[in-house]
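Chemist: Data: data_30.txt, compact mmCIF, C-alpha atoms and all ligand atoms.
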```txt
# COMPACT_ATOMS: atom_id res chain seq x y z
CA MET D 1 -24.88 -6.20 19.37
CA THR D 2 -21.41 -5.20 18.35
CA SER D 3 -20.26 -1.82 17.10
CA ALA D 4 -19.73 -3.31 13.64
CA ALA D 5 -22.57 -1.41 11.99
CA ALA D 6 -21.35 1.82 13.61
CA VAL D 7 -17.82 1.10 12.35
CA ARG D 8 -19.19 0.58 8.86
CA ASP D 9 -20.98 3.94 9.05
CA TYR D 10 -17.86 5.61 10.42
CA VAL D 11 -15.72 4.31 7.55
CA GLU D 12 -18.39 5.25 5.00
CA THR D 13 -18.42 8.79 6.39
CA HIS D 14 -14.63 8.96 6.08
CA ILE D 15 -14.34 7.10 2.79
CA ASP D 16 -12.50 9.94 1.02
CA GLU D 17 -9.78 9.83 3.65
CA VAL D 18 -9.65 6.02 3.44
CA LEU D 19 -9.20 6.22 -0.33
CA ALA D 20 -6.52 8.88 0.03
CA ASP D 21 -4.70 6.57 2.44
CA LEU D 22 -4.91 3.76 -0.05
CA ASP D 23 -3.55 5.97 -2.81
CA ARG D 24 -0.66 6.89 -0.52
CA LEU D 25 0.26 3.24 0.03
CA VAL D 26 -0.25 2.12 -3.57
CA ARG D 27 2.09 4.91 -4.69
CA LEU D 28 4.89 3.20 -2.78
CA GLU D 29 6.13 0.60 -5.23
CA THR D 30 7.20 -2.45 -3.23
CA PRO D 31 8.18 -5.45 -5.38
CA SER D 32 9.37 -8.33 -3.19
CA SER D 33 12.71 -8.60 -4.98
CA ARG D 34 13.70 -4.95 -4.50
CA ARG D 35 15.30 -4.50 -1.11
CA ASP D 36 16.02 -0.83 -1.87
CA LEU D 37 12.39 0.02 -2.62
CA LEU D 38 11.07 -1.97 0.34
CA GLU D 39 13.55 -0.25 2.62
CA ALA D 40 12.47 3.16 1.36
CA ALA D 41 8.76 2.37 1.65
CA LEU D 42 8.61 0.87 5.12
CA PRO D 43 9.32 4.09 7.08
CA GLN D 44 6.64 5.79 5.02
CA ILE D 45 4.10 3.09 5.85
CA GLU D 46 5.09 3.39 9.50
CA ALA D 47 4.72 7.19 9.39
CA TYR D 48 1.28 6.73 7.87
CA ALA D 49 0.12 4.33 10.61
CA VAL D 50 1.54 6.57 13.36
CA GLU D 51 -0.14 9.65 11.89
CA ARG D 52 -3.46 7.85 11.98
CA LEU D 53 -3.13 5.95 15.27
CA GLY D 54 -0.52 7.76 17.32
CA GLU D 55 2.73 6.34 18.66
CA PRO D 56 2.58 2.60 19.31
CA VAL D 57 3.30 1.27 22.80
CA ALA D 58 5.73 -1.27 21.36
CA ARG D 59 7.80 -1.18 18.20
CA ALA D 60 10.38 -3.49 16.65
CA ARG D 61 11.98 -3.61 13.23
CA HIS D 62 13.71 -6.81 12.17
CA ASP D 63 16.40 -6.85 9.50
CA GLY D 64 15.30 -8.72 6.39
CA GLY D 65 18.80 -9.11 4.93
CA GLU D 66 18.30 -9.09 1.16
CA ARG D 67 14.55 -8.98 1.57
CA GLY D 68 12.17 -6.50 3.15
CA ASP D 69 12.40 -5.83 6.89
CA VAL D 70 9.63 -6.85 9.27
CA LEU D 71 7.96 -4.02 11.20
CA ASP D 72 6.06 -4.87 14.35
CA LEU D 73 3.86 -2.17 15.94
CA THR D 74 1.47 -2.56 18.88
CA TRP D 75 -1.17 -0.10 20.02
CA ALA D 76 -2.67 -0.47 23.48
CA GLY D 77 -6.07 -1.98 24.14
CA SER D 78 -8.89 -0.43 26.14
CA PRO D 79 -8.28 -0.20 29.91
CA GLY D 80 -9.06 -3.53 31.56
CA VAL D 81 -9.09 -5.53 28.33
CA ALA D 82 -6.46 -8.27 28.23
CA GLY D 83 -4.75 -9.79 25.27
CA THR D 84 -3.64 -8.73 21.82
CA VAL D 85 -5.00 -9.30 18.34
CA LEU D 86 -2.40 -9.74 15.61
CA SER D 87 -3.14 -8.18 12.24
CA LEU D 88 -0.70 -9.68 9.79
CA CYS D 89 -0.15 -7.75 6.56
CA HIS D 90 2.51 -7.91 3.87
CA TYR D 91 3.64 -4.71 2.20
CA ASP D 92 5.47 -6.35 -0.69
CA THR D 93 3.63 -6.86 -3.98
CA VAL D 94 4.26 -8.84 -7.16
CA TRP D 95 4.42 -5.68 -9.28
CA PRO D 96 7.76 -4.50 -10.66
CA GLU D 97 9.00 -0.92 -10.35
CA GLY D 98 7.47 1.34 -12.98
CA THR D 99 4.08 -0.39 -13.05
CA LEU D 100 2.49 2.77 -11.62
CA ALA D 101 3.58 4.83 -14.60
CA THR D 102 0.95 3.16 -16.77
CA TRP D 103 -1.37 1.96 -14.03
CA PRO D 104 -1.97 4.37 -11.16
CA LEU D 105 -4.73 3.83 -8.61
CA THR D 106 -7.88 4.50 -10.63
CA ARG D 107 -11.50 4.62 -9.58
CA ASP D 108 -14.39 3.81 -11.88
CA GLY D 109 -17.63 3.85 -9.90
CA ASP D 110 -17.33 1.20 -7.21
CA VAL D 111 -14.20 -0.36 -8.74
CA LEU D 112 -10.77 0.72 -7.56
CA THR D 113 -7.87 -0.72 -9.53
CA GLY D 114 -4.12 -0.40 -9.04
CA PRO D 115 -1.03 -2.53 -8.43
CA GLY D 116 -1.21 -4.19 -5.03
CA VAL D 117 -4.48 -2.52 -4.05
CA LEU D 118 -6.12 -5.86 -3.31
CA ASP D 119 -3.01 -7.85 -2.43
CA MET D 120 -2.80 -6.32 0.04
CA LYS D 121 -2.47 -2.62 0.66
CA ALA D 122 -6.20 -2.36 1.32
CA GLY D 123 -5.62 -4.74 4.25
CA ILE D 124 -3.12 -2.35 5.87
CA VAL D 125 -5.47 0.61 5.49
CA GLN D 126 -8.43 -1.40 6.83
CA THR D 127 -6.49 -2.41 9.95
CA VAL D 128 -5.62 1.22 10.65
CA TRP D 129 -9.23 2.35 10.18
CA MET D 130 -10.59 -0.52 12.25
CA LEU D 131 -8.64 0.63 15.28
CA ARG D 132 -9.40 4.29 14.60
CA ALA D 133 -13.11 3.54 14.42
CA LEU D 134 -13.20 1.37 17.54
CA ARG D 135 -11.45 4.11 19.52
CA GLU D 136 -13.62 6.85 18.09
CA LEU D 137 -16.78 4.91 18.96
CA GLY D 138 -15.55 4.12 22.46
CA ALA D 139 -15.79 0.37 21.84
CA SER D 140 -13.75 -1.98 24.03
CA HIS D 141 -10.94 -3.70 22.21
CA PRO D 142 -7.79 -5.68 22.97
CA ALA D 143 -4.37 -4.34 22.00
CA VAL D 144 -3.80 -4.42 18.25
CA ARG D 145 -0.45 -5.57 16.91
CA LEU D 146 0.22 -4.81 13.26
CA MET D 147 2.99 -6.88 11.74
CA LEU D 148 4.14 -5.74 8.30
CA THR D 149 6.22 -8.22 6.32
CA GLY D 150 8.10 -7.69 3.07
CA ASP D 151 8.62 -11.17 1.64
CA GLU D 152 5.20 -12.84 1.59
CA GLU D 153 5.01 -13.06 -2.19
CA ILE D 154 8.31 -14.94 -2.32
CA GLY D 155 7.70 -17.44 0.47
CA SER D 156 8.22 -15.49 3.75
CA ALA D 157 11.56 -17.09 4.58
CA VAL D 158 12.69 -14.00 6.52
CA SER D 159 9.39 -13.12 8.17
CA ARG D 160 8.24 -16.62 9.12
CA PRO D 161 9.93 -16.86 12.57
CA HIS D 162 8.68 -13.38 13.47
CA ILE D 163 5.16 -14.27 12.35
CA GLU D 164 5.16 -17.51 14.32
CA ALA D 165 6.46 -15.88 17.49
CA ALA D 166 3.96 -13.03 17.28
CA ALA D 167 0.99 -15.32 16.58
CA ALA D 168 1.89 -17.53 19.54
CA GLY D 169 1.52 -14.56 21.87
CA CYS D 170 -1.80 -13.29 20.53
CA LEU D 171 -5.49 -14.16 20.93
CA VAL D 172 -5.91 -14.67 17.20
CA THR D 173 -4.24 -13.69 13.97
CA LEU D 174 -6.39 -11.80 11.49
CA ILE D 175 -5.05 -11.66 7.95
CA SER D 176 -6.38 -9.09 5.50
CA GLU D 177 -5.45 -10.99 2.37
CA PRO D 178 -7.93 -10.61 -0.51
CA SER D 179 -11.49 -11.74 -0.02
CA ALA D 180 -13.60 -13.20 -2.80
CA GLY D 181 -17.09 -11.81 -2.38
CA GLY D 182 -16.65 -11.18 1.35
CA ALA D 183 -16.01 -14.81 2.38
CA VAL D 184 -13.39 -15.50 5.06
CA LYS D 185 -10.77 -18.18 4.54
CA VAL D 186 -10.19 -20.77 7.21
CA GLN D 187 -8.65 -23.48 5.08
CA ARG D 188 -5.83 -23.20 2.59
CA LYS D 189 -3.78 -25.83 0.87
CA GLY D 190 -0.12 -26.21 1.66
CA THR D 191 2.51 -25.97 -1.05
CA VAL D 192 5.47 -28.05 -2.07
CA PHE D 193 7.62 -26.72 -4.89
CA ALA D 194 10.11 -28.77 -6.86
CA ASP D 195 12.75 -27.79 -9.41
CA VAL D 196 13.80 -30.72 -11.55
CA THR D 197 16.99 -30.55 -13.59
CA VAL D 198 18.27 -33.30 -15.86
CA THR D 199 21.77 -33.17 -17.30
CA GLY D 200 22.48 -35.34 -20.34
CA LEU D 201 25.23 -35.68 -22.92
CA GLU D 202 25.20 -33.41 -25.95
CA SER D 203 25.98 -34.70 -29.42
CA HIS D 204 25.00 -34.18 -33.07
CA ALA D 205 21.62 -35.79 -33.75
CA GLY D 206 22.64 -36.75 -37.30
CA LEU D 207 26.37 -37.40 -37.19
CA ASP D 208 26.71 -38.89 -33.75
CA PRO D 209 23.27 -39.93 -32.46
CA TYR D 210 24.38 -42.74 -30.14
CA ALA D 211 27.08 -40.72 -28.42
CA GLY D 212 24.49 -38.43 -26.83
CA ALA D 213 22.04 -38.93 -23.96
CA SER D 214 19.05 -36.63 -24.20
CA ALA D 215 18.03 -34.69 -21.12
CA VAL D 216 14.81 -33.71 -22.91
CA HIS D 217 13.83 -37.34 -23.48
CA GLU D 218 14.54 -38.15 -19.84
CA ILE D 219 12.52 -35.28 -18.46
CA ALA D 220 9.67 -36.25 -20.77
CA LYS D 221 9.67 -39.69 -19.11
CA LEU D 222 9.78 -38.14 -15.63
CA ILE D 223 6.82 -35.80 -16.13
CA PRO D 224 4.06 -38.47 -16.22
CA LYS D 225 5.54 -39.96 -13.03
CA ILE D 226 5.45 -36.55 -11.36
CA VAL D 227 1.88 -35.84 -12.48
CA ALA D 228 0.76 -39.28 -11.23
CA LEU D 229 1.60 -38.21 -7.66
CA ALA D 230 -1.63 -36.19 -7.56
CA ASP D 231 -4.49 -37.65 -5.52
CA ARG D 232 -7.80 -35.94 -6.09
CA SER D 233 -9.55 -37.82 -3.26
CA LYS D 234 -7.11 -36.24 -0.78
CA GLY D 235 -7.09 -32.81 -2.41
CA THR D 236 -3.51 -33.20 -3.66
CA THR D 237 -2.84 -31.53 -6.98
CA VAL D 238 0.32 -31.51 -9.08
CA ASN D 239 1.13 -29.05 -11.84
CA VAL D 240 4.22 -29.05 -14.04
CA GLY D 241 4.11 -25.36 -14.81
CA THR D 242 7.15 -24.88 -17.02
CA VAL D 243 9.39 -27.14 -19.07
CA GLU D 244 12.50 -26.04 -20.89
CA GLY D 245 15.53 -27.73 -22.34
CA GLY D 246 17.77 -28.40 -25.29
CA SER D 247 19.61 -26.00 -27.53
CA GLY D 248 18.55 -26.92 -31.07
CA ARG D 249 16.62 -29.34 -33.23
CA ASN D 250 19.67 -31.28 -34.30
CA VAL D 251 21.37 -31.35 -30.90
CA ILE D 252 20.82 -34.17 -28.44
CA ALA D 253 19.87 -32.13 -25.41
CA GLY D 254 22.41 -31.66 -22.64
CA GLN D 255 20.01 -29.91 -20.24
CA ALA D 256 16.32 -29.92 -19.36
CA ARG D 257 14.36 -28.45 -16.47
CA CYS D 258 10.83 -28.34 -15.18
CA ALA D 259 9.12 -26.48 -12.33
CA VAL D 260 6.54 -28.35 -10.28
CA ASP D 261 3.81 -26.97 -8.01
CA VAL D 262 2.14 -29.35 -5.56
CA ARG D 263 -0.83 -28.36 -3.33
CA VAL D 264 -1.93 -30.47 -0.37
CA GLN D 265 -4.74 -30.27 2.18
CA ASP D 266 -3.47 -33.16 4.28
CA PRO D 267 -0.06 -32.58 5.93
CA ASP D 268 0.89 -36.26 5.39
CA GLU D 269 0.46 -35.76 1.67
CA ALA D 270 3.28 -33.21 1.61
CA GLU D 271 5.61 -35.86 3.01
CA ARG D 272 4.40 -38.55 0.64
CA VAL D 273 4.81 -36.40 -2.47
CA ALA D 274 8.14 -34.92 -1.40
CA SER D 275 9.70 -38.30 -0.73
CA ALA D 276 8.30 -39.71 -3.97
CA LEU D 277 9.82 -36.77 -5.87
CA GLU D 278 13.16 -37.29 -4.14
CA ALA D 279 13.09 -41.01 -5.05
CA LEU D 280 12.67 -40.38 -8.79
CA GLN D 281 15.48 -41.54 -11.04
CA VAL D 282 16.41 -41.15 -14.68
CA GLU D 283 16.37 -44.25 -16.87
CA ASP D 284 19.46 -43.52 -18.96
CA GLU D 285 22.46 -43.93 -16.70
CA ARG D 286 24.43 -41.38 -18.66
CA CYS D 287 22.01 -38.69 -17.53
CA SER D 288 21.86 -37.26 -14.05
CA LEU D 289 18.95 -35.86 -12.10
CA GLU D 290 18.96 -33.00 -9.62
CA MET D 291 15.78 -32.63 -7.61
CA TYR D 292 15.29 -29.60 -5.35
CA VAL D 293 12.17 -29.95 -3.19
CA ASP D 294 10.96 -27.05 -1.05
CA HIS D 295 8.20 -27.58 1.53
CA ASN D 296 7.10 -24.02 1.14
CA ARG D 297 4.00 -23.78 3.33
CA PRO D 298 2.16 -26.42 5.36
CA PRO D 299 -1.61 -26.71 4.82
CA MET D 300 -3.86 -24.42 6.85
CA ASN D 301 -6.69 -26.27 8.56
CA PRO D 302 -9.00 -24.73 11.17
CA THR D 303 -8.36 -25.48 14.86
CA PRO D 304 -11.29 -25.69 17.33
CA ARG D 305 -10.41 -22.17 18.48
CA THR D 306 -10.49 -20.96 14.87
CA GLU D 307 -14.02 -22.40 14.59
CA GLU D 308 -15.05 -20.46 17.71
CA ILE D 309 -13.76 -17.23 16.22
CA VAL D 310 -15.55 -17.99 12.95
CA ALA D 311 -18.70 -18.22 15.08
CA LEU D 312 -17.96 -14.68 16.29
CA ALA D 313 -17.62 -13.59 12.66
CA HIS D 314 -21.07 -15.05 11.97
CA ARG D 315 -22.50 -12.95 14.82
CA VAL D 316 -20.90 -9.84 13.33
CA GLY D 317 -22.37 -10.74 9.96
CA GLU D 318 -25.83 -10.86 11.54
CA ASP D 319 -25.30 -7.36 12.95
CA LEU D 320 -24.17 -6.13 9.54
CA GLY D 321 -27.04 -7.84 7.77
CA PHE D 322 -25.16 -10.30 5.59
CA PRO D 323 -24.10 -13.91 6.09
CA ILE D 324 -20.35 -14.55 6.41
CA GLU D 325 -19.32 -17.45 4.23
CA THR D 326 -16.25 -19.53 4.93
CA GLN D 327 -14.06 -20.70 2.12
CA ALA D 328 -11.36 -23.30 1.52
CA VAL D 329 -8.85 -22.31 -1.16
CA GLY D 330 -5.83 -23.75 -2.92
CA GLY D 331 -3.66 -20.65 -2.54
CA ALA D 332 -1.38 -20.45 0.49
CA SER D 333 -0.64 -17.46 2.70
CA ASP D 334 1.26 -16.77 5.93
CA GLY D 335 -1.84 -18.11 7.70
CA ASN D 336 -0.57 -21.56 6.77
CA PHE D 337 2.41 -21.21 9.12
CA ILE D 338 0.18 -20.11 11.99
CA ALA D 339 -2.46 -22.83 11.61
CA ALA D 340 0.28 -25.48 11.39
CA LEU D 341 1.27 -24.49 14.96
CA GLY D 342 -2.29 -25.15 16.13
CA LEU D 343 -2.98 -21.43 16.57
CA PRO D 344 -6.23 -19.69 15.52
CA VAL D 345 -6.14 -17.68 12.31
CA ILE D 346 -8.83 -16.09 10.17
CA ASP D 347 -7.76 -15.09 6.69
CA GLY D 348 -9.32 -13.31 3.76
CA LEU D 349 -10.49 -10.32 5.79
CA GLY D 350 -9.05 -7.84 3.30
CA GLY D 351 -10.44 -6.00 0.33
CA ILE D 352 -13.30 -7.53 -1.60
CA GLY D 353 -12.22 -7.83 -5.19
CA ALA D 354 -10.56 -9.96 -7.80
CA GLY D 355 -7.45 -10.37 -9.90
CA PRO D 356 -4.62 -10.57 -7.37
CA HIS D 357 -1.31 -10.79 -9.31
CA ALA D 358 -3.23 -9.90 -12.49
CA ARG D 359 -3.49 -6.71 -14.47
CA HIS D 360 -7.18 -6.43 -13.57
CA GLU D 361 -6.44 -6.47 -9.82
CA HIS D 362 -9.11 -4.41 -8.09
CA ILE D 363 -11.22 -3.94 -4.99
CA THR D 364 -14.70 -2.51 -4.55
CA VAL D 365 -14.95 0.79 -2.69
CA SER D 366 -18.14 -0.45 -1.02
CA GLY D 367 -16.26 -3.44 0.37
CA LEU D 368 -13.91 -1.27 2.45
CA PRO D 369 -16.44 -0.20 5.15
CA ARG D 370 -17.91 -3.67 5.27
CA GLN D 371 -14.63 -5.53 5.70
CA THR D 372 -13.31 -3.01 8.20
CA ALA D 373 -16.53 -3.46 10.18
CA LEU D 374 -16.25 -7.24 10.07
CA MET D 375 -12.74 -7.14 11.47
CA ALA D 376 -13.76 -4.56 14.09
CA GLY D 377 -16.72 -6.68 15.18
CA ILE D 378 -14.54 -9.75 15.69
CA VAL D 379 -12.00 -7.73 17.67
CA GLU D 380 -14.71 -6.22 19.85
CA LEU D 381 -16.26 -9.62 20.61
CA LEU D 382 -12.82 -10.94 21.60
CA ALA D 383 -12.60 -8.13 24.14
CA ALA D 384 -15.94 -9.21 25.63
CA GLU D 385 -14.96 -12.89 25.98
ZN ZN C 1 -1.13 -11.34 -0.43
```
What do you get writing this file as structure tokens?
Modeler:
Amino acid sequence: MTSAAAVRDYVETHIDEVLADLDRLVRLETPSSRRDLLEAALPQIEAYAVERLGEPVARARHDGGERGDVLDLTWAGSPGVAGTVLSLCHYDTVWPEGTLATWPLTRDGDVLTGPGVLDMKAGIVQTVWMLRALRELGASHPAVRLMLTGDEEIGSAVSRPHIEAAAAGCLVTLISEPSAGGAVKVQRKGTVFADVTVTGLESHAGLDPYAGASAVHEIAKLIPKIVALADRSKGTTVNVGTVEGGSGRNVIAGQARCAVDVRVQDPDEAERVASALEALQVEDERCSLEMYVDHNRPPMNPTPRTEEIVALAHRVGEDLGFPIETQAVGGASDGNFIAALGLPVIDGLGGIGAGPHARHEHITVSGLPRQTALMAGIVELLAAE
């Protein structure tokens, strides 16, 4: 038996404090693009964690440049327990400043809604309460390292090297990104993004039709070629999400652009699609094509060690009285970077809810004790290994 059920009871008993903590973090508006707000919020998040858990034994803050800084805090494990568990959380959200004015954290029965509550401020609060509960219950646990990043929603360019270095030194990385119905995520697709720009020659469509070269017509010919790069049998999807171009009905278009989102399960597919995109050409020689391809995140596939830790999660689920499902999803997270290095990572341990990045974003209050207990149970079993 693990202490998971006792952790669940502990969090249930303290649920008012847990909810107050969540309100405190949701009140800090932290849009990824606002360095000033992220910079102001991070010391407050740190103060919160230190109030709840005491001074960490190790602390580092890494400059994020124009993006949010990375904060890295480690609290000691039980005497005689080796190793460290990494809890990776991002404190940036997709919500712009001012969102709170019309949408504060609001509870209606079991539903708690607010900007960033699911993605992923609940995950930060759960990590803090997991360690609090394990200590309070006298359960053995490894050291817990909480890494807070501020650029996850915009690709993690700044935090990625810090995440990779931290994960390499830890037993496992646990990520409290949103959970759908309590399932954990062990497989995520990788992403490739492309921005396609065609430049043509403008002219009057009536007076001078043959002098122009339409960028709109060229991008319209490119789009079916881009879409055809999808391969359903390999799990590769392609979406042209936006198209824009031209300046008027009677103007032969000088400019056109489209934004492409590619998701892959197989790492080789990222290479295939990226090189095919880079090889595309316009048909009209008077037009030019600019193709910017960004291999944003590699696919996340479970390693053998990840499978072993999933088995631990199943044991915790038995103690808690519910089966733990595993899920493969199309959305990427920072777990993708970690899995690509062959390191174990379990994702989707955060709030149970729905609507990340949507106005109906919410978690269930009843999911908080359960998810905190799941994470605690995994951490405790790692200490016993
Ligand atoms: Zn997230």
Chemist: Do you have the CA of Val85 (chain D)-CA of Leu19 (chain D) distance handy?
Modeler: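 If I compute the distance from CA of Val85 (chain D) to CA of Leu19 (chain D), I get 24.6 Å.
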Chemist: Can you tell me which residues sit at most 12 Å away from ligand ZN 1 (chain C), counting only C-alpha atoms and all ligand atoms, written as a PyMOL selection string?
Modeler: chain D and resi 32+88-95+115-124+148-156+175-179+331-335+347-351+355-357+361
Chemist: Work out how far apart CA of Gln327 (chain D) and CA of Val273 (chain D) are and give it in Å to one decimal.
Modeler: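 Going from CA of Gln327 (chain D) over to CA of Val273 (chain D) covers 25.0 Å.
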Chemist: What is the CA of Thr237 (chain D)-CA of Thr191 (chain D) distance in Å, reported with one decimal?
Modeler: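 Those two atoms sit 9.7 Å apart.
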Chemist: Considering all atoms listed in the file, return as a PyMOL selection string whatever protein or nucleic-acid residues lie within 12 Å of region 275-291 of chain D, sequence-local ones (same chain, fewer than 4 positions apart) excluded.
Modeler: chain D and resi 192-202+210-230+238+252-262+268-271+295
Chemist: Put those residues in a file: C-alpha atoms, as a compact mmCIF listing (two decimals), in the frame of the given file.
Modeler:
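So result-v6.txt came out as:
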```
# COMPACT_ATOMS: atom_id res chain seq x y z
CA VAL D 192 5.47 -28.05 -2.07
CA PHE D 193 7.62 -26.72 -4.89
CA ALA D 194 10.11 -28.77 -6.86
CA ASP D 195 12.75 -27.79 -9.41
CA VAL D 196 13.80 -30.72 -11.55
CA THR D 197 16.99 -30.55 -13.59
CA VAL D 198 18.27 -33.30 -15.86
CA THR D 199 21.77 -33.17 -17.30
CA GLY D 200 22.48 -35.34 -20.34
CA LEU D 201 25.23 -35.68 -22.92
CA GLU D 202 25.20 -33.41 -25.95
CA TYR D 210 24.38 -42.74 -30.14
CA ALA D 211 27.08 -40.72 -28.42
CA GLY D 212 24.49 -38.43 -26.83
CA ALA D 213 22.04 -38.93 -23.96
CA SER D 214 19.05 -36.63 -24.20
CA ALA D 215 18.03 -34.69 -21.12
CA VAL D 216 14.81 -33.71 -22.91
CA HIS D 217 13.83 -37.34 -23.48
CA GLU D 218 14.54 -38.15 -19.84
CA ILE D 219 12.52 -35.28 -18.46
CA ALA D 220 9.67 -36.25 -20.77
CA LYS D 221 9.67 -39.69 -19.11
CA LEU D 222 9.78 -38.14 -15.63
CA ILE D 223 6.82 -35.80 -16.13
CA PRO D 224 4.06 -38.47 -16.22
CA LYS D 225 5.54 -39.96 -13.03
CA ILE D 226 5.45 -36.55 -11.36
CA VAL D 227 1.88 -35.84 -12.48
CA ALA D 228 0.76 -39.28 -11.23
CA LEU D 229 1.60 -38.21 -7.66
CA ALA D 230 -1.63 -36.19 -7.56
CA VAL D 238 0.32 -31.51 -9.08
CA ILE D 252 20.82 -34.17 -28.44
CA ALA D 253 19.87 -32.13 -25.41
CA GLY D 254 22.41 -31.66 -22.64
CA GLN D 255 20.01 -29.91 -20.24
CA ALA D 256 16.32 -29.92 -19.36
CA ARG D 257 14.36 -28.45 -16.47
CA CYS D 258 10.83 -28.34 -15.18
CA ALA D 259 9.12 -26.48 -12.33
CA VAL D 260 6.54 -28.35 -10.28
CA ASP D 261 3.81 -26.97 -8.01
CA VAL D 262 2.14 -29.35 -5.56
CA ASP D 268 0.89 -36.26 5.39
CA GLU D 269 0.46 -35.76 1.67
CA ALA D 270 3.28 -33.21 1.61
CA GLU D 271 5.61 -35.86 3.01
CA HIS D 295 8.20 -27.58 1.53
```
Chemist: As an MDAnalysis selection string, please: the residues near Gly68 (chain D) (cut-off 6 Å, all atoms listed in the file, same-chain neighbours under 2 positions excluded).
Modeler: chainID D and resid 35 38 64 150
Chemist: Excluding Met147 (chain D) and any residue of its chain fewer than 5 positions from it, enumerate the residues within 8 Å of it, using all atoms listed in the file, and give them as a ChimeraX atom specification.
Modeler: /D:70-73,86-90,163
Chemist: Edge lengths and centre in Å to one decimal, as lines of an AutoDock Vina configuration file, of the axis-aligned box that encloses all listed atoms of region 28-41 of chain D with 8 Å added on every side?
Modeler:
```
center_x = 10.5
center_y = -2.7
center_z = -1.4
size_x = 27.1
size_y = 27.8
size_z = 24.0
```
Chemist: Which one of D:Ala139, D:Pro31, D:Thr127, D:Gly114 sits closest to Ala383 (chain D) if you count all atoms listed in the file?
Modeler: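 Checking each candidate against Ala383 (chain D), we get D:Ala139 as the closest.
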Chemist: Within 12 Å of Gly80 (chain D), counting only C-alpha atoms, which residues qualify if same-chain residues fewer than 3 places away don't, as a ChimeraX atom specification?
Modeler: /D:76-77,83,140-143,383-384
Chemist: Residues at most 8 Å from Val111 (chain D), counting only C-alpha atoms, excluding those fewer than 6 positions away in the same chain, as a list in words?
Modeler: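 Once the nearby chain positions are removed, what remains is His362, Ile363, Thr364 and Val365 of chain D.
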Chemist: Using all atoms listed in the file, which of D:Leu22, D:Ile15, D:Ile352, D:Ala4 sits nearest Ala180 (chain D)?
Modeler: D:Ile352
Chemist: Because the input lacks atoms here, generate N, CA, C and O atoms for region 160-170 of chain D and report them as a PDB file, in the frame of the given file.
Modeler:
```pdb
ATOM      1  N   ARG D 160       8.909 -15.493   8.471  1.00  0.00           N
ATOM      2  CA  ARG D 160       8.240 -16.620   9.120  1.00  0.00           C
ATOM      3  C   ARG D 160       8.502 -16.734  10.630  1.00  0.00           C
ATOM      4  O   ARG D 160       7.549 -16.834  11.397  1.00  0.00           O
ATOM      5  N   PRO D 161       9.755 -16.724  11.105  1.00  0.00           N
ATOM      6  CA  PRO D 161       9.930 -16.860  12.570  1.00  0.00           C
ATOM      7  C   PRO D 161       9.294 -15.719  13.347  1.00  0.00           C
ATOM      8  O   PRO D 161       8.792 -15.931  14.454  1.00  0.00           O
ATOM      9  N   HIS D 162       9.297 -14.523  12.789  1.00  0.00           N
ATOM     10  CA  HIS D 162       8.680 -13.380  13.470  1.00  0.00           C
ATOM     11  C   HIS D 162       7.162 -13.546  13.519  1.00  0.00           C
ATOM     12  O   HIS D 162       6.517 -13.244  14.522  1.00  0.00           O
ATOM     13  N   ILE D 163       6.606 -14.037  12.417  1.00  0.00           N
ATOM     14  CA  ILE D 163       5.160 -14.270  12.350  1.00  0.00           C
ATOM     15  C   ILE D 163       4.753 -15.320  13.375  1.00  0.00           C
ATOM     16  O   ILE D 163       3.799 -15.142  14.142  1.00  0.00           O
ATOM     17  N   GLU D 164       5.507 -16.411  13.409  1.00  0.00           N
ATOM     18  CA  GLU D 164       5.160 -17.510  14.320  1.00  0.00           C
ATOM     19  C   GLU D 164       5.254 -17.075  15.772  1.00  0.00           C
ATOM     20  O   GLU D 164       4.383 -17.393  16.584  1.00  0.00           O
ATOM     21  N   ALA D 165       6.297 -16.330  16.098  1.00  0.00           N
ATOM     22  CA  ALA D 165       6.460 -15.880  17.490  1.00  0.00           C
ATOM     23  C   ALA D 165       5.351 -14.911  17.869  1.00  0.00           C
ATOM     24  O   ALA D 165       4.800 -14.988  18.973  1.00  0.00           O
ATOM     25  N   ALA D 166       5.010 -14.019  16.975  1.00  0.00           N
ATOM     26  CA  ALA D 166       3.960 -13.030  17.280  1.00  0.00           C
ATOM     27  C   ALA D 166       2.615 -13.724  17.441  1.00  0.00           C
ATOM     28  O   ALA D 166       1.869 -13.454  18.393  1.00  0.00           O
ATOM     29  N   ALA D 167       2.295 -14.637  16.529  1.00  0.00           N
ATOM     30  CA  ALA D 167       0.990 -15.320  16.580  1.00  0.00           C
ATOM     31  C   ALA D 167       0.837 -16.117  17.864  1.00  0.00           C
ATOM     32  O   ALA D 167      -0.251 -16.175  18.439  1.00  0.00           O
ATOM     33  N   ALA D 168       1.951 -16.701  18.330  1.00  0.00           N
ATOM     34  CA  ALA D 168       1.890 -17.530  19.540  1.00  0.00           C
ATOM     35  C   ALA D 168       1.516 -16.699  20.763  1.00  0.00           C
ATOM     36  O   ALA D 168       0.963 -17.222  21.724  1.00  0.00           O
ATOM     37  N   GLY D 169       1.804 -15.407  20.725  1.00  0.00           N
ATOM     38  CA  GLY D 169       1.520 -14.560  21.870  1.00  0.00           C
ATOM     39  C   GLY D 169       0.220 -13.784  21.765  1.00  0.00           C
ATOM     40  O   GLY D 169      -0.037 -12.908  22.584  1.00  0.00           O
ATOM     41  N   CYS D 170      -0.579 -14.080  20.751  1.00  0.00           N
ATOM     42  CA  CYS D 170      -1.800 -13.290  20.530  1.00  0.00           C
ATOM     43  C   CYS D 170      -3.058 -14.137  20.614  1.00  0.00           C
ATOM     44  O   CYS D 170      -3.006 -15.362  20.507  1.00  0.00           O
TER      45      CYS D 170
END
```
